[in-house]
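Q: Dumping the structure here so I can ask a few things about it.
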Amino acid sequence: MKKVAIILLFFITTFSVQELKAQWYLGGGVSAWYNGNYQELQVGCSPEFGYGFNEHWSVGGSVKFNYRYRTFNDPISGEEWHSQNWYVLANPYFRYAFFTKNNWSLFMDVELGLGYSTTGFMISTGVRPGVSYTFNEHFRLVGHFGWLGIEKQGVSTLNGGLRFNDGKMGLSFFYVF
């Protein structure tokens, strides 16, 4: 047991002596969209938090709240009716920055999505590529562009593939502690 403790202590001290820039970050994004053709309003908020172990590895999560309100006009009866849809989605992720140069960084998030909507339970897993720009030691801009993965909604709906819409692209601002 003493040998294991000594070996662990050796690895911990060796790892901490290296250039570690461990830091907490907090941020997220907001969104709003109005579609005049369908009289549809979507509003979303996605706070995000995480911990960067060094310049390459991070772990974090976000919680996305989304609300959609849509008005329909029945062409036959002329009646107007409304549809409301909301969901909450939690996305824990691991982030690997595979390229860093000056203030720029290219990364890949491997995420697991767990959520609930008016259509039922949702689960997803996939990868999201992104880019990050660090303004100074405290402020960072992060952008995601696309998602490749699979998702299950409700009891029988299973989807998969590459997506460049529906919240899979966006910009977020972060404060780094």
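As shown in the structure tokens, the chain order sets the letters A, B, ...; within each chain, residues go from 1, and ligands are also counted from 1 in the order they appear.
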Need the shell around Gln153 (chain A): protein/DNA/RNA residues with any atom at most 7 Å away, counting only C-alpha atoms. Skip same-chain ones fewer than 4 positions apart. Format as a PDB file with N, CA and C atoms, in the first residue's frame?
A:
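File written: out_22.pdb
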ATOM      1  N   GLY A 120     -41.438  14.033 -24.413  1.00  0.00           N
ATOM      2  CA  GLY A 120     -40.907  12.930 -23.626  1.00  0.00           C
ATOM      3  C   GLY A 120     -39.433  13.066 -23.328  1.00  0.00           C
ATOM      4  N   PHE A 121     -38.858  11.973 -22.855  1.00  0.00           N
ATOM      5  CA  PHE A 121     -37.457  11.920 -22.460  1.00  0.00           C
ATOM      6  C   PHE A 121     -36.557  11.916 -23.683  1.00  0.00           C
ATOM      7  N   MET A 122     -35.383  12.575 -23.570  1.00  0.00           N
ATOM      8  CA  MET A 122     -34.420  12.612 -24.664  1.00  0.00           C
ATOM      9  C   MET A 122     -33.051  12.181 -24.151  1.00  0.00           C
ATOM     10  N   ILE A 123     -32.305  11.464 -24.984  1.00  0.00           N
ATOM     11  CA  ILE A 123     -30.920  11.131 -24.688  1.00  0.00           C
ATOM     12  C   ILE A 123     -30.138  11.200 -25.994  1.00  0.00           C
ATOM     13  N   THR A 157     -38.481   7.121 -31.311  1.00  0.00           N
ATOM     14  CA  THR A 157     -37.801   7.943 -32.305  1.00  0.00           C
ATOM     15  C   THR A 157     -36.292   7.902 -32.078  1.00  0.00           C
ATOM     16  N   LEU A 158     -35.552   7.373 -33.042  1.00  0.00           N
ATOM     17  CA  LEU A 158     -34.095   7.321 -32.992  1.00  0.00           C
ATOM     18  C   LEU A 158     -33.563   8.041 -34.218  1.00  0.00           C
TER      19      LEU A 158
END
Q: Leaving out Phe99 (chain A) and any residue of its chain fewer than 3 positions from it, which residues lie within 10 Å of it when counting only C-alpha atoms, given as a PyMOL selection string?
A: chain A and resi 55-56+96+104-107+131
Q: Since we have the selection now, will you write its residues out, keeping C-alpha atoms, as a PDB file, in the first residue's frame?
A:
ATOM      1  CA  GLU A  55      -4.490  23.976 -22.404  1.00  0.00           C
ATOM      2  CA  HIS A  56      -5.697  20.725 -24.006  1.00  0.00           C
ATOM      3  CA  TYR A  96      -9.928  18.158 -26.190  1.00  0.00           C
ATOM      4  CA  TRP A 104      -6.858  30.568 -31.024  1.00  0.00           C
ATOM      5  CA  SER A 105      -7.809  27.004 -30.226  1.00  0.00           C
ATOM      6  CA  LEU A 106      -9.597  24.280 -32.206  1.00  0.00           C
ATOM      7  CA  PHE A 107     -11.311  21.654 -30.088  1.00  0.00           C
ATOM      8  CA  VAL A 131     -13.160  27.135 -32.051  1.00  0.00           C
TER       9      VAL A 131
END
Q: Can you tell me, as number ranges by chain, what residues are no more than 8 Å from Leu148 (chain A) when counting only C-alpha atoms, ignoring any on the same chain fewer than 3 positions away?
A: A: 126-128, 160-163
Q: Once you have the residues from the selection above, write them out as a CSV table (one decimal), in the first residue's frame, restricted to C-alpha atoms.
A:
chain,number,residue,atom,x,y,z
A,126,GLY,CA,-22.1,12.9,-30.1
A,127,VAL,CA,-19.1,15.1,-30.9
A,128,ARG,CA,-19.2,18.9,-31.5
A,160,GLY,CA,-28.6,10.1,-36.1
A,161,GLY,CA,-26.3,11.9,-38.4
A,162,LEU,CA,-24.6,15.3,-39.0
A,163,ARG,CA,-26.5,18.5,-38.1
Q: Determine, counting only C-alpha atoms, which protein, DNA and RNA residues have an atom within 7 Å of an atom of Gly44 (chain A); residues of the same chain fewer than 6 positions away are not included. Present the result as a PyMOL selection string.
A: chain A and resi 30-32+65-67
Q: At most 12 Å is the cut-off: for each residue in region 77-153 of chain A with any atom that close to an atom of region 24-28 of chain A, write down the nearest atom pair and the distance in Å rounded to one decimal, counting only C-alpha atoms, chain first then increasing number, as CSV.
A:
residue,atom,partner,partner_atom,distance
A:Glu137,CA,A:Tyr25,CA,11.0
A:His138,CA,A:Tyr25,CA,8.7
A:Phe139,CA,A:Tyr25,CA,9.2
A:Arg140,CA,A:Gly27,CA,9.1
A:Leu141,CA,A:Gly27,CA,9.5
A:Val142,CA,A:Gly28,CA,9.1
A:Gly143,CA,A:Gly28,CA,10.6
A:His144,CA,A:Gly28,CA,11.9
